[in-house]
$ cat upload_38.cif   # mmCIF, C-alpha atoms
data_model
loop_
_atom_site.label_atom_id
_atom_site.label_comp_id
_atom_site.auth_asym_id
_atom_site.auth_seq_id
_atom_site.Cartn_x
_atom_site.Cartn_y
_atom_site.Cartn_z
CA MET A 1459 -6.13 -5.20 -48.49
CA TRP A 1460 -9.81 -4.39 -48.88
CA ARG A 1461 -11.71 -2.74 -51.62
CA ARG A 1462 -15.30 -1.58 -51.13
CA THR A 1463 -17.64 -1.64 -54.14
CA GLY A 1464 -21.10 -0.45 -53.16
CA GLY A 1465 -22.34 -2.88 -50.55
CA LEU A 1466 -19.62 -5.45 -51.21
CA VAL A 1467 -16.18 -5.73 -49.68
CA VAL A 1468 -13.63 -7.73 -51.64
CA LEU A 1469 -10.89 -9.12 -49.40
CA ALA A 1470 -7.37 -10.33 -49.91
CA LEU A 1471 -6.09 -11.88 -46.70
CA LEU A 1472 -2.73 -13.29 -47.79
CA ALA A 1473 0.18 -11.85 -45.81
CA ALA A 1474 -2.31 -9.70 -43.91
CA CYS A 1475 0.00 -9.10 -40.99
CA SER A 1476 3.77 -8.66 -40.86
CA SER A 1477 5.99 -10.12 -43.43
CA GLY A 1478 8.15 -12.04 -41.12
CA GLY A 1479 -20.08 3.67 -5.74
CA VAL A 1480 -20.18 3.28 -1.93
CA GLU A 1481 -18.61 5.80 0.44
CA ALA A 1482 -15.26 4.80 1.93
CA LEU A 1483 -15.38 3.44 5.48
CA PRO A 1484 -14.59 6.33 7.85
CA ASP A 1485 -13.12 4.26 10.70
CA PRO A 1486 -11.53 0.84 11.16
CA VAL A 1487 -14.06 -1.98 11.32
CA THR A 1488 -13.67 -4.55 14.10
CA ILE A 1489 -14.82 -8.11 13.53
CA THR A 1490 -15.15 -10.27 16.64
CA THR A 1491 -15.38 -14.04 16.57
CA THR A 1492 -15.80 -16.43 19.53
CA SER A 1493 -14.51 -20.01 19.62
CA THR A 1494 -15.04 -22.68 22.29
CA THR A 1495 -12.72 -25.64 22.91
CA THR A 1496 -13.87 -28.79 24.80
CA SER A 1497 -11.51 -31.50 26.11
CA THR A 1498 -11.95 -34.66 28.22
CA ILE A 1499 -9.35 -34.72 31.00
CA ALA A 1500 -10.11 -37.93 32.98
CA THR A 1501 -12.11 -41.15 32.57
CA THR A 1502 -12.27 -44.38 34.70
CA THR A 1503 -14.40 -47.52 34.79
CA THR A 1504 -15.81 -46.69 38.25
CA ALA A 1505 -16.16 -42.90 38.18
CA PRO A 1506 -18.19 -40.72 35.82
CA THR A 1507 -16.38 -38.94 33.05
CA SER A 1508 -15.16 -35.50 34.05
CA THR A 1509 -15.32 -32.84 31.32
CA THR A 1510 -14.00 -29.28 31.46
CA THR A 1511 -14.85 -26.53 28.98
CA THR A 1512 -12.32 -23.77 28.52
CA ALA A 1513 -13.29 -20.12 28.66
CA PRO A 1514 -14.31 -18.61 25.30
CA THR A 1515 -11.46 -16.99 23.39
CA THR A 1516 -11.93 -13.86 21.34
CA THR A 1517 -10.11 -13.07 18.10
CA THR A 1518 -10.18 -9.49 16.84
CA THR A 1519 -9.40 -8.52 13.26
CA THR A 1520 -9.10 -4.87 12.25
CA LEU A 1521 -9.72 -3.90 8.64
CA ALA A 1522 -8.03 -0.73 7.46
CA PRO A 1523 -10.39 1.79 5.85
CA GLU A 1524 -10.25 2.32 2.12
CA PRO A 1525 -8.08 5.22 1.01
CA GLU A 1526 -10.06 8.36 0.34
CA ALA A 1527 -10.04 9.90 -3.11
CA GLU A 1528 -7.22 12.42 -3.36
CA THR A 1529 -8.47 15.98 -3.80
CA ASP A 1530 -5.11 17.74 -3.61
CA ILE A 1531 -4.18 18.44 -7.22
CA GLY A 1532 -0.56 18.90 -6.18
CA VAL A 1533 -0.40 15.29 -4.97
CA LEU A 1534 -1.98 13.95 -8.17
CA ALA A 1535 0.28 16.14 -10.31
CA ALA A 1536 3.36 14.84 -8.46
CA PHE A 1537 2.28 11.25 -9.20
CA VAL A 1538 1.84 12.05 -12.88
CA GLU A 1539 5.26 13.70 -13.00
CA GLU A 1540 6.89 10.67 -11.41
CA ARG A 1541 5.35 8.27 -13.92
CA SER A 1542 5.86 10.54 -16.92
CA GLY A 1543 9.41 11.80 -16.51
CA LEU A 1544 8.33 15.43 -16.99
CA VAL A 1545 7.52 18.32 -14.64
CA PHE A 1546 4.57 20.70 -14.86
CA GLU A 1547 5.67 24.25 -15.58
CA GLU A 1548 3.01 25.41 -13.13
CA LEU A 1549 0.50 23.66 -10.90
CA PRO A 1550 -2.40 22.59 -13.12
CA GLU A 1551 -6.01 23.46 -12.38
CA ILE A 1552 -9.03 21.18 -12.54
CA THR A 1553 -12.30 22.82 -13.57
CA GLU A 1554 -15.70 21.35 -12.80
CA ALA A 1555 -17.79 21.59 -15.94
CA THR A 1556 -20.69 24.00 -15.85
CA ILE A 1557 -21.79 22.99 -19.34
CA SER A 1558 -23.18 19.75 -20.69
CA ARG A 1559 -21.18 17.32 -22.79
CA ASP A 1560 -23.20 18.43 -25.82
CA GLU A 1561 -21.86 21.97 -25.33
CA ILE A 1562 -18.15 21.17 -25.57
CA GLY A 1563 -18.25 21.60 -29.33
CA VAL A 1564 -17.64 18.00 -30.39
CA ASP A 1565 -19.77 16.55 -33.17
CA PRO A 1566 -20.96 13.04 -32.22
CA GLY A 1567 -19.81 11.91 -35.66
CA PHE A 1568 -16.24 12.66 -34.57
CA PHE A 1569 -16.17 9.56 -32.38
CA VAL A 1570 -17.17 7.04 -35.04
CA ASP A 1571 -15.27 7.37 -38.30
CA GLU A 1572 -17.57 7.28 -41.32
CA ARG A 1573 -15.04 5.40 -43.44
CA LEU A 1574 -14.71 2.70 -40.79
CA TRP A 1575 -18.50 2.45 -40.43
CA ASN A 1576 -18.90 2.03 -44.19
CA LEU A 1577 -16.39 -0.81 -44.09
CA PHE A 1578 -18.13 -2.51 -41.17
CA VAL A 1579 -21.56 -2.51 -42.87
CA PRO A 1580 -20.79 -5.09 -45.60
CA LEU A 1581 -18.59 -7.01 -43.17
CA ARG A 1582 -21.72 -7.30 -40.97
CA LEU A 1583 -19.89 -5.89 -37.97
CA VAL A 1584 -22.71 -3.35 -37.72
CA GLY A 1585 -26.35 -4.16 -38.31
CA PRO A 1586 -28.89 -2.57 -40.65
CA ASP A 1587 -30.64 -0.86 -37.72
CA ASP A 1588 -27.43 0.58 -36.21
CA ASP A 1589 -26.86 4.31 -36.56
CA ARG A 1590 -23.41 5.91 -36.70
CA LEU A 1591 -24.41 9.25 -35.21
CA ALA A 1592 -26.39 7.56 -32.44
CA ALA A 1593 -23.30 5.51 -31.61
CA GLY A 1594 -21.25 8.71 -31.57
CA GLN A 1595 -23.75 10.39 -29.24
CA ALA A 1596 -23.57 7.41 -26.91
CA ARG A 1597 -19.80 7.77 -26.80
CA LEU A 1598 -20.09 11.50 -26.12
CA ASP A 1599 -22.43 10.70 -23.22
CA GLN A 1600 -19.66 8.56 -21.71
CA VAL A 1601 -17.09 11.37 -21.57
CA ARG A 1602 -15.78 11.80 -18.00
CA GLY A 1603 -13.22 14.52 -18.58
CA VAL A 1604 -11.45 16.38 -21.35
CA CYS A 1605 -8.14 18.12 -21.83
CA CYS A 1606 -6.78 20.68 -22.32
CA PRO A 1607 -7.42 22.54 -19.98
CA VAL A 1608 -8.67 19.75 -17.75
CA LEU A 1609 -12.44 19.82 -17.49
CA MET A 1610 -14.34 17.25 -15.42
CA PHE A 1611 -18.03 16.45 -15.92
CA GLU A 1612 -20.45 15.65 -13.12
CA ASN A 1613 -21.45 12.00 -12.89
CA ASP A 1614 -22.22 9.22 -10.41
CA ASP A 1615 -18.78 7.60 -10.53
CA HIS A 1616 -17.14 6.57 -7.27
CA PRO A 1617 -14.69 9.27 -6.09
CA LEU A 1618 -11.78 6.85 -6.50
CA LEU A 1619 -12.66 6.28 -10.16
CA ARG A 1620 -13.03 10.01 -10.61
CA SER A 1621 -9.53 10.59 -9.20
CA MET A 1622 -8.18 8.03 -11.68
CA VAL A 1623 -9.79 9.98 -14.53
CA VAL A 1624 -8.17 13.17 -13.23
CA VAL A 1625 -4.77 11.44 -13.37
CA HIS A 1626 -5.50 10.40 -16.96
CA GLU A 1627 -6.33 13.97 -18.01
CA LEU A 1628 -3.39 15.45 -16.10
CA THR A 1629 -1.12 13.08 -18.05
CA HIS A 1630 -2.54 14.49 -21.27
CA LEU A 1631 -1.81 17.99 -20.01
CA LEU A 1632 1.79 17.08 -19.21
CA ASP A 1633 2.26 15.23 -22.49
CA ARG A 1634 1.65 18.48 -24.35
CA GLN A 1635 5.32 19.17 -23.65
CA ARG A 1636 6.23 16.27 -25.95
CA SER A 1637 6.38 16.35 -29.71
CA LEU A 1638 3.78 14.13 -31.38
CA VAL A 1639 3.09 13.95 -35.07
CA ARG A 1640 -0.70 14.00 -35.25
CA GLY A 1641 -2.80 12.46 -37.97
CA PRO A 1642 -3.17 9.13 -39.77
CA ASN A 1643 0.10 7.43 -40.70
CA SER A 1644 -1.39 4.30 -42.26
CA ASP A 1645 -4.25 3.33 -44.56
CA GLU A 1646 -5.71 1.16 -41.80
CA PRO A 1647 -8.96 2.62 -40.44
CA LEU A 1648 -7.32 3.33 -37.05
CA ARG A 1649 -5.33 6.22 -35.56
CA PHE A 1650 -2.04 5.12 -34.04
CA ASP A 1651 -1.17 8.61 -32.80
CA VAL A 1652 -4.31 8.45 -30.66
CA ALA A 1653 -3.31 4.99 -29.44
CA VAL A 1654 0.05 6.38 -28.25
CA LEU A 1655 -1.52 9.45 -26.62
CA GLU A 1656 -4.37 7.65 -24.85
CA GLY A 1657 -2.25 4.57 -24.13
CA ASN A 1658 0.33 6.58 -22.21
CA ALA A 1659 -2.36 8.38 -20.19
CA GLN A 1660 -4.02 5.05 -19.41
CA ARG A 1661 -0.70 3.53 -18.33
CA VAL A 1662 -0.21 6.29 -15.76
CA ALA A 1663 -3.87 6.16 -14.65
CA PHE A 1664 -3.72 2.38 -14.14
CA ASP A 1665 -0.48 2.74 -12.20
CA TYR A 1666 -2.41 5.09 -9.91
CA ARG A 1667 -5.28 2.59 -9.67
CA ALA A 1668 -2.83 -0.19 -8.75
CA GLU A 1669 -1.35 1.99 -6.00
CA LEU A 1670 -4.80 2.69 -4.53
CA ILE A 1671 -5.69 -1.02 -4.59
CA ALA A 1672 -2.41 -1.83 -2.85
CA ARG A 1673 -3.45 0.64 -0.14
CA GLY A 1674 -6.76 -1.18 0.37
CA ALA A 1675 -9.13 0.19 -2.26
CA ASP A 1676 -11.82 -2.19 -3.50
CA PRO A 1677 -11.08 -2.87 -7.20
CA SER A 1678 -14.79 -2.65 -7.97
CA ARG A 1679 -14.66 1.09 -7.20
CA PHE A 1680 -13.03 1.55 -10.60
CA ASP A 1681 -15.55 -0.47 -12.60
CA PHE A 1682 -17.48 1.15 -15.40
CA ASP A 1683 -19.50 -0.64 -18.06
CA TRP A 1684 -18.86 0.97 -21.44
CA ALA A 1685 -21.44 -1.21 -23.21
CA ASP A 1686 -24.31 0.77 -24.72
CA PRO A 1687 -27.00 -0.67 -27.01
CA ARG A 1688 -26.45 2.26 -29.38
CA ILE A 1689 -22.84 1.20 -29.97
CA PRO A 1690 -22.30 -2.05 -31.92
CA ALA A 1691 -19.84 -4.38 -30.20
CA ALA A 1692 -17.23 -4.17 -32.97
CA VAL A 1693 -17.43 -0.37 -32.99
CA LEU A 1694 -16.97 -0.30 -29.22
CA GLU A 1695 -13.85 -2.44 -29.66
CA VAL A 1696 -12.49 0.16 -32.08
CA LEU A 1697 -13.38 3.03 -29.74
CA GLU A 1698 -11.56 1.28 -26.89
CA PHE A 1699 -8.57 0.30 -29.05
CA PRO A 1700 -6.41 3.35 -28.16
CA TYR A 1701 -7.25 3.06 -24.45
CA GLU A 1702 -6.93 -0.69 -24.01
CA GLU A 1703 -4.43 -1.82 -26.63
CA GLY A 1704 -2.53 1.46 -26.47
CA ALA A 1705 -2.19 1.09 -22.70
CA VAL A 1706 -0.93 -2.49 -23.05
CA LEU A 1707 1.73 -1.33 -25.50
CA SER A 1708 2.79 1.59 -23.27
CA ALA A 1709 2.98 -0.63 -20.18
CA ALA A 1710 4.96 -3.29 -22.08
CA LEU A 1711 7.44 -0.66 -23.26
CA ALA A 1712 7.78 0.69 -19.71
CA GLU A 1713 8.40 -2.82 -18.43
CA ARG A 1714 11.11 -3.38 -21.05
CA GLY A 1715 12.92 -0.05 -20.74
CA GLY A 1716 11.27 2.24 -18.23
CA ILE A 1717 9.50 5.55 -18.88
CA GLU A 1718 12.08 6.55 -21.48
CA LEU A 1719 11.17 3.64 -23.74
CA ALA A 1720 7.44 4.04 -23.08
CA VAL A 1721 7.40 7.64 -24.31
CA GLN A 1722 9.64 6.81 -27.27
CA ALA A 1723 6.43 6.02 -29.13
CA PHE A 1724 5.65 9.75 -29.23
CA ASP A 1725 8.65 10.17 -31.53
CA ARG A 1726 8.20 6.89 -33.43
CA LEU A 1727 4.57 6.02 -33.91
CA PRO A 1728 3.48 2.45 -34.59
CA VAL A 1729 2.85 2.01 -38.30
CA SER A 1730 0.28 -0.78 -38.03
CA SER A 1731 -2.23 -2.20 -35.59
CA GLU A 1732 0.02 -5.25 -35.38
CA GLN A 1733 2.75 -3.08 -33.87
CA VAL A 1734 0.25 -1.82 -31.27
CA LEU A 1735 -0.88 -5.36 -30.47
CA ASP A 1736 2.63 -6.86 -30.35
CA VAL A 1737 5.39 -4.96 -28.51
CA ASP A 1738 8.07 -7.07 -30.19
CA ALA A 1739 6.71 -6.17 -33.62
CA TYR A 1740 6.97 -2.52 -32.61
CA LEU A 1741 10.49 -2.77 -31.18
CA ASP A 1742 11.70 -4.77 -34.18
CA ASP A 1743 9.89 -2.38 -36.55
CA GLU A 1744 8.16 -5.23 -38.34
CA ARG A 1745 6.24 -3.86 -41.29
CA PRO A 1746 3.07 -5.29 -42.81
CA GLY A 1747 3.65 -7.49 -45.81
CA ALA A 1748 2.57 -6.34 -49.24
CA VAL A 1749 -0.86 -7.60 -50.28
CA ALA A 1750 -2.22 -7.29 -53.79
CA THR A 1751 -5.33 -5.16 -54.11
CA PRO A 1752 -8.26 -7.45 -54.95
CA GLU A 1753 -9.99 -7.06 -58.28
CA PRO A 1754 -13.55 -5.77 -57.99
CA PRO A 1755 -16.41 -7.60 -59.64
CA ARG A 1756 -17.13 -6.65 -63.24
CA ASN A 1757 -19.03 -3.38 -63.66
CA ALA A 1758 -18.62 -2.58 -59.95
CA GLU A 1759 -17.58 0.93 -58.90
CA VAL A 1760 -14.81 1.13 -56.29
CA THR A 1761 -15.93 3.56 -53.56
CA ASP A 1762 -13.04 3.04 -51.12
CA ALA A 1763 -9.94 0.91 -50.59
CA GLY A 1764 -7.43 0.39 -47.84
CA THR A 1765 -5.85 -2.04 -45.40
CA MET A 1766 -7.90 -3.71 -42.70
CA GLY A 1767 -4.89 -4.69 -40.62
CA ALA A 1768 -4.43 -7.13 -37.77
CA PHE A 1769 -6.96 -5.54 -35.41
CA VAL A 1770 -9.91 -5.52 -37.81
CA LEU A 1771 -9.03 -9.04 -38.92
CA ARG A 1772 -9.15 -10.05 -35.26
CA LEU A 1773 -12.65 -8.56 -34.99
CA LEU A 1774 -13.73 -10.61 -37.99
CA ALA A 1775 -12.17 -13.78 -36.57
CA ALA A 1776 -13.89 -13.20 -33.22
CA ARG A 1777 -17.27 -13.72 -34.90
CA THR A 1778 -16.54 -17.45 -35.21
CA LEU A 1779 -13.58 -18.12 -32.89
CA ASP A 1780 -13.08 -17.71 -29.16
CA PRO A 1781 -11.19 -14.50 -28.18
CA GLU A 1782 -7.84 -16.23 -27.58
CA ALA A 1783 -7.92 -18.03 -30.91
CA ALA A 1784 -8.97 -14.84 -32.68
CA HIS A 1785 -6.06 -12.99 -31.10
CA ASP A 1786 -3.62 -15.63 -32.35
#

$ encode --input "upload_38.cif" --output "structure tokens"
Amino acid sequence: MWRRTGGLVVLALLAACSSGGVEALPDPVTITTTSTTTSTIATTTTAPTSTTTTAPTTTTTTLAPEPEAETDIGVLAAFVEERSGLVFEELPEITEATISRDEIGVDPGFFVDERLWNLFVPLRLVGPDDDRLAAGQARLDQVRGVCCPVLMFENDDHPLLRSMVVVHELTHLLDRQRSLVRGPNSDEPLRFDVAVLEGNAQRVAFDYRAELIARGADPSRFDFDWADPRIPAAVLEVLEFPYEEGAVLSAALAERGGIELAVQAFDRLPVSSEQVLDVDAYLDDERPGAVATPEPPRNAEVTDAGTMGAFVLRLLAARTLDPEAAHD
């Protein structure tokens, strides 16, 4: 548990967790190499050595061109249907944005929760010169697409990465057919409904990425650096939590029991960050252990209280431990 009193956070860590680009090549590329072999075929003590050199041999290797980014929405929609277990009621449409990201009606403060920021300040996970709204604006600037309807923003991403984003947003559109209880379901400063929603869309999008790579796409085509000096590292970890950790959970569930088990999370949300981080904790419905609320210092006013949870504790541990040790 944590209790915030002004600029001080009082912690109780016992039983904190559970109780138990470049354009695609248009044509094949031919690489030619030449090798020469030399052999001595006869030598005597009275005659000069006779040497014969064989004719050069040529080896030709043909590299298949990278797959082009799919522009047929019907093909992308069919992929999403296959990996989601649902069918679109009608062929979806993709709209190219004619407005800026600032005009979509989202307040930059939406991206960075004020309660979480206020917790991170005394924990020194954000610095005195960091600004919450500036961090939120940076995140808004990174938006590639939104749903629903699906709206794509112009950017310099490689077309293959752009097609992956389209698959992500199409998955959101299809997932609207599912029931999902929205809103916080824990006093941790994280949203597990968002982790399920974004995690499932990322699972399908990364399945599409894997298919393109198997067909010859360069993995670097899908690279994007989310780091921004306006976003503190710990805040970026929280922003990526539903996409990265949520996707790992969704993929682990799909590996255990197929699509049916993966989408089960829509009906039974994780109740803690530990359940998002550990698929077995989710499947076994392990609940966080009870932790006594710490006593505030004398004469201090309690301004907020809640549970940090496994993920925030991991962020704290990562300040002094290597990532693997912090995860453990």

$ atom_distance --input "upload_38.cif" --atom1 "atom CA of A:Glu1703" --atom2 "atom CA of A:Arg1777"
19.4 Å

$ residues_around --input "upload_38.cif" --residues "A:Gln1722" --least-positions-apart "2" --cutoff "10 Å" --atoms "only C-alpha atoms" --output "list in words"
Val1654, Ser1708, Leu1711, Ala1712, Ile1717, Glu1718, Leu1719, Ala1720, Phe1724, Asp1725, Arg1726 and Leu1727 of chain A

$ write_last_selection --input "upload_38.cif" --atoms "C-alpha atoms" --output "mmCIF file, in the coordinates of the input"
data_model
loop_
_atom_site.group_PDB
_atom_site.id
_atom_site.type_symbol
_atom_site.label_atom_id
_atom_site.label_comp_id
_atom_site.auth_asym_id
_atom_site.auth_seq_id
_atom_site.Cartn_x
_atom_site.Cartn_y
_atom_site.Cartn_z
ATOM 1 C CA VAL A 1654 0.050 6.380 -28.250
ATOM 2 C CA SER A 1708 2.790 1.590 -23.270
ATOM 3 C CA LEU A 1711 7.440 -0.660 -23.260
ATOM 4 C CA ALA A 1712 7.780 0.690 -19.710
ATOM 5 C CA ILE A 1717 9.500 5.550 -18.880
ATOM 6 C CA GLU A 1718 12.080 6.550 -21.480
ATOM 7 C CA LEU A 1719 11.170 3.640 -23.740
ATOM 8 C CA ALA A 1720 7.440 4.040 -23.080
ATOM 9 C CA PHE A 1724 5.650 9.750 -29.230
ATOM 10 C CA ASP A 1725 8.650 10.170 -31.530
ATOM 11 C CA ARG A 1726 8.200 6.890 -33.430
ATOM 12 C CA LEU A 1727 4.570 6.020 -33.910
#

$ closest_residue --input "upload_38.cif" --among "A:Leu1655, A:Ile1689, A:Leu1771, A:Leu1779" --to "A:Leu1638" --atoms "all atoms listed in the file"
A:Leu1655

$ residues_around --input "upload_38.cif" --residues "A:Glu1656" --least-positions-apart "5" --cutoff "7 Å" --atoms "only C-alpha atoms" --output "PyMOL selection string"
chain A and resi 1700-1701+1704

$ resolve_selection --input "upload_38.cif" --expression "the PyMOL selection byres ((chain A and resi 1571) around 10)" --output "list in words"
Gly1567, Phe1568, Phe1569, Val1570, Glu1572, Arg1573, Leu1574, Trp1575, Asn1576, Arg1590, Leu1591, Gly1594, Pro1647, Leu1648, Val1693, Val1696 and Leu1697 of chain A

$ closest_residue --input "upload_38.cif" --among "A:Pro1690, A:Pro1550, A:Pro1752, A:Gly1767" --to "A:Phe1578" --atoms "all atoms listed in the file"
A:Pro1690

$ closest_residue --input "upload_38.cif" --among "A:Val1729, A:Ile1531, A:Leu1598, A:Leu1694" --to "A:Asn1643" --atoms "only C-alpha atoms"
A:Val1729

$ closest_residue --input "upload_38.cif" --among "A:Glu1732, A:Asp1530, A:Glu1551, A:Glu1753" --to "A:Val1770" --atoms "all atoms listed in the file"
A:Glu1732

$ residues_around --input "upload_38.cif" --residues "stretch 1609-1613 of chain A" --least-positions-apart "3" --cutoff "7 Å" --atoms "all atoms listed in the file" --output "ChimeraX atom specification"
/A:1552-1555,1602-1605

$ write_last_selection --input "upload_38.cif" --atoms "C-alpha atoms" --output "PDB file, in the frame of the given file"
ATOM      1  CA  ILE A1552      -9.030  21.180 -12.540  1.00  0.00           C
ATOM      2  CA  THR A1553     -12.300  22.820 -13.570  1.00  0.00           C
ATOM      3  CA  GLU A1554     -15.700  21.350 -12.800  1.00  0.00           C
ATOM      4  CA  ALA A1555     -17.790  21.590 -15.940  1.00  0.00           C
ATOM      5  CA  ARG A1602     -15.780  11.800 -18.000  1.00  0.00           C
ATOM      6  CA  GLY A1603     -13.220  14.520 -18.580  1.00  0.00           C
ATOM      7  CA  VAL A1604     -11.450  16.380 -21.350  1.00  0.00           C
ATOM      8  CA  CYS A1605      -8.140  18.120 -21.830  1.00  0.00           C
TER       9      CYS A1605
END

$ closest_residue --input "upload_38.cif" --among "A:Ser1542, A:Ser1730, A:Ser1621, A:Thr1751" --to "A:Asp1651" --atoms "only C-alpha atoms"
A:Ser1730

$ resolve_selection --input "upload_38.cif" --expression "the PyMOL selection byres ((chain A and resi 1544) around 12)" --output "list in words"
Ala1535, Ala1536, Phe1537, Val1538, Glu1539, Glu1540, Arg1541, Ser1542, Gly1543, Val1545, Phe1546, Glu1547, Glu1548, Leu1628, Thr1629, His1630, Leu1631, Leu1632, Asp1633, Arg1634, Gln1635, Arg1636, Ile1717, Glu1718 and Val1721 of chain A

$ atom_distance --input "upload_38.cif" --atom1 "atom CA of A:Asp1676" --atom2 "atom CA of A:Ala1527"
12.2 Å

$ resolve_selection --input "upload_38.cif" --expression "the PyMOL selection byres ((chain A and resi 1680-1688) around 8)" --output "PyMOL selection string"
chain A and resi 1588-1589+1592-1593+1596+1600+1616+1618-1619+1667+1677-1679+1689-1691+1694

$ atom_distance --input "upload_38.cif" --atom1 "atom CA of A:Ala1710" --atom2 "atom CA of A:Asp1736"
9.3 Å

$ axis_aligned_box --input "upload_38.cif" --around "stretch 1634-1651 of chain A" --padding-each-side "4 Å" --output "lines of an AutoDock Vina configuration file"
center_x = -1.3
center_y = 10.2
center_z = -34.1
size_x = 23.3
size_y = 26.0
size_z = 28.9

$ closest_residue --input "upload_38.cif" --among "A:Pro1566, A:Gly1674, A:Gly1585, A:Gly1641" --to "A:Pro1523" --atoms "all atoms listed in the file"
A:Gly1674

$ build_atoms --input "upload_38.cif" --residues "stretch 1694-1700 of chain A" --atoms "all heavy atoms" --output "short mmCIF file (atom, residue, chain, number, x, y, z; two decimals), in the frame of the given file"
data_model
loop_
_atom_site.label_atom_id
_atom_site.label_comp_id
_atom_site.auth_asym_id
_atom_site.auth_seq_id
_atom_site.Cartn_x
_atom_site.Cartn_y
_atom_site.Cartn_z
N LEU A 1694 -17.47 -0.56 -30.57
CA LEU A 1694 -16.97 -0.30 -29.22
C LEU A 1694 -15.53 -0.79 -29.08
O LEU A 1694 -14.69 -0.12 -28.45
CB LEU A 1694 -17.86 -0.98 -28.18
CG LEU A 1694 -17.46 -0.76 -26.71
CD1 LEU A 1694 -17.48 0.72 -26.35
CD2 LEU A 1694 -18.38 -1.55 -25.78
N GLU A 1695 -15.22 -1.94 -29.69
CA GLU A 1695 -13.85 -2.44 -29.66
C GLU A 1695 -12.89 -1.43 -30.30
O GLU A 1695 -11.78 -1.20 -29.81
CB GLU A 1695 -13.77 -3.77 -30.40
CG GLU A 1695 -14.48 -4.92 -29.72
CD GLU A 1695 -13.59 -5.64 -28.71
OE1 GLU A 1695 -12.43 -5.21 -28.54
OE2 GLU A 1695 -14.07 -6.61 -28.12
N VAL A 1696 -13.32 -0.84 -31.41
CA VAL A 1696 -12.49 0.16 -32.08
C VAL A 1696 -12.34 1.41 -31.22
O VAL A 1696 -11.25 1.98 -31.11
CB VAL A 1696 -13.08 0.51 -33.45
CG1 VAL A 1696 -12.35 1.69 -34.08
CG2 VAL A 1696 -13.02 -0.69 -34.39
N LEU A 1697 -13.43 1.85 -30.60
CA LEU A 1697 -13.38 3.03 -29.74
C LEU A 1697 -12.45 2.81 -28.55
O LEU A 1697 -11.76 3.74 -28.10
CB LEU A 1697 -14.79 3.38 -29.24
CG LEU A 1697 -15.77 3.89 -30.31
CD1 LEU A 1697 -17.16 4.04 -29.71
CD2 LEU A 1697 -15.29 5.21 -30.91
N GLU A 1698 -12.40 1.57 -28.04
CA GLU A 1698 -11.56 1.28 -26.89
C GLU A 1698 -10.13 0.90 -27.29
O GLU A 1698 -9.26 0.80 -26.43
CB GLU A 1698 -12.18 0.14 -26.07
CG GLU A 1698 -13.42 0.55 -25.29
CD GLU A 1698 -13.11 1.66 -24.29
OE1 GLU A 1698 -12.29 1.42 -23.38
OE2 GLU A 1698 -13.66 2.77 -24.44
N PHE A 1699 -9.89 0.71 -28.57
CA PHE A 1699 -8.57 0.30 -29.05
C PHE A 1699 -7.44 1.20 -28.53
O PHE A 1699 -6.44 0.71 -28.00
CB PHE A 1699 -8.56 0.25 -30.57
CG PHE A 1699 -7.21 0.03 -31.19
CD1 PHE A 1699 -6.66 -1.24 -31.27
CD2 PHE A 1699 -6.48 1.10 -31.70
CE1 PHE A 1699 -5.41 -1.45 -31.84
CE2 PHE A 1699 -5.24 0.91 -32.28
CZ PHE A 1699 -4.69 -0.36 -32.35
N PRO A 1700 -7.54 2.54 -28.65
CA PRO A 1700 -6.41 3.35 -28.16
C PRO A 1700 -6.24 3.29 -26.65
O PRO A 1700 -5.11 3.42 -26.16
CB PRO A 1700 -6.78 4.77 -28.63
CG PRO A 1700 -8.21 4.73 -28.98
CD PRO A 1700 -8.58 3.33 -29.28
#
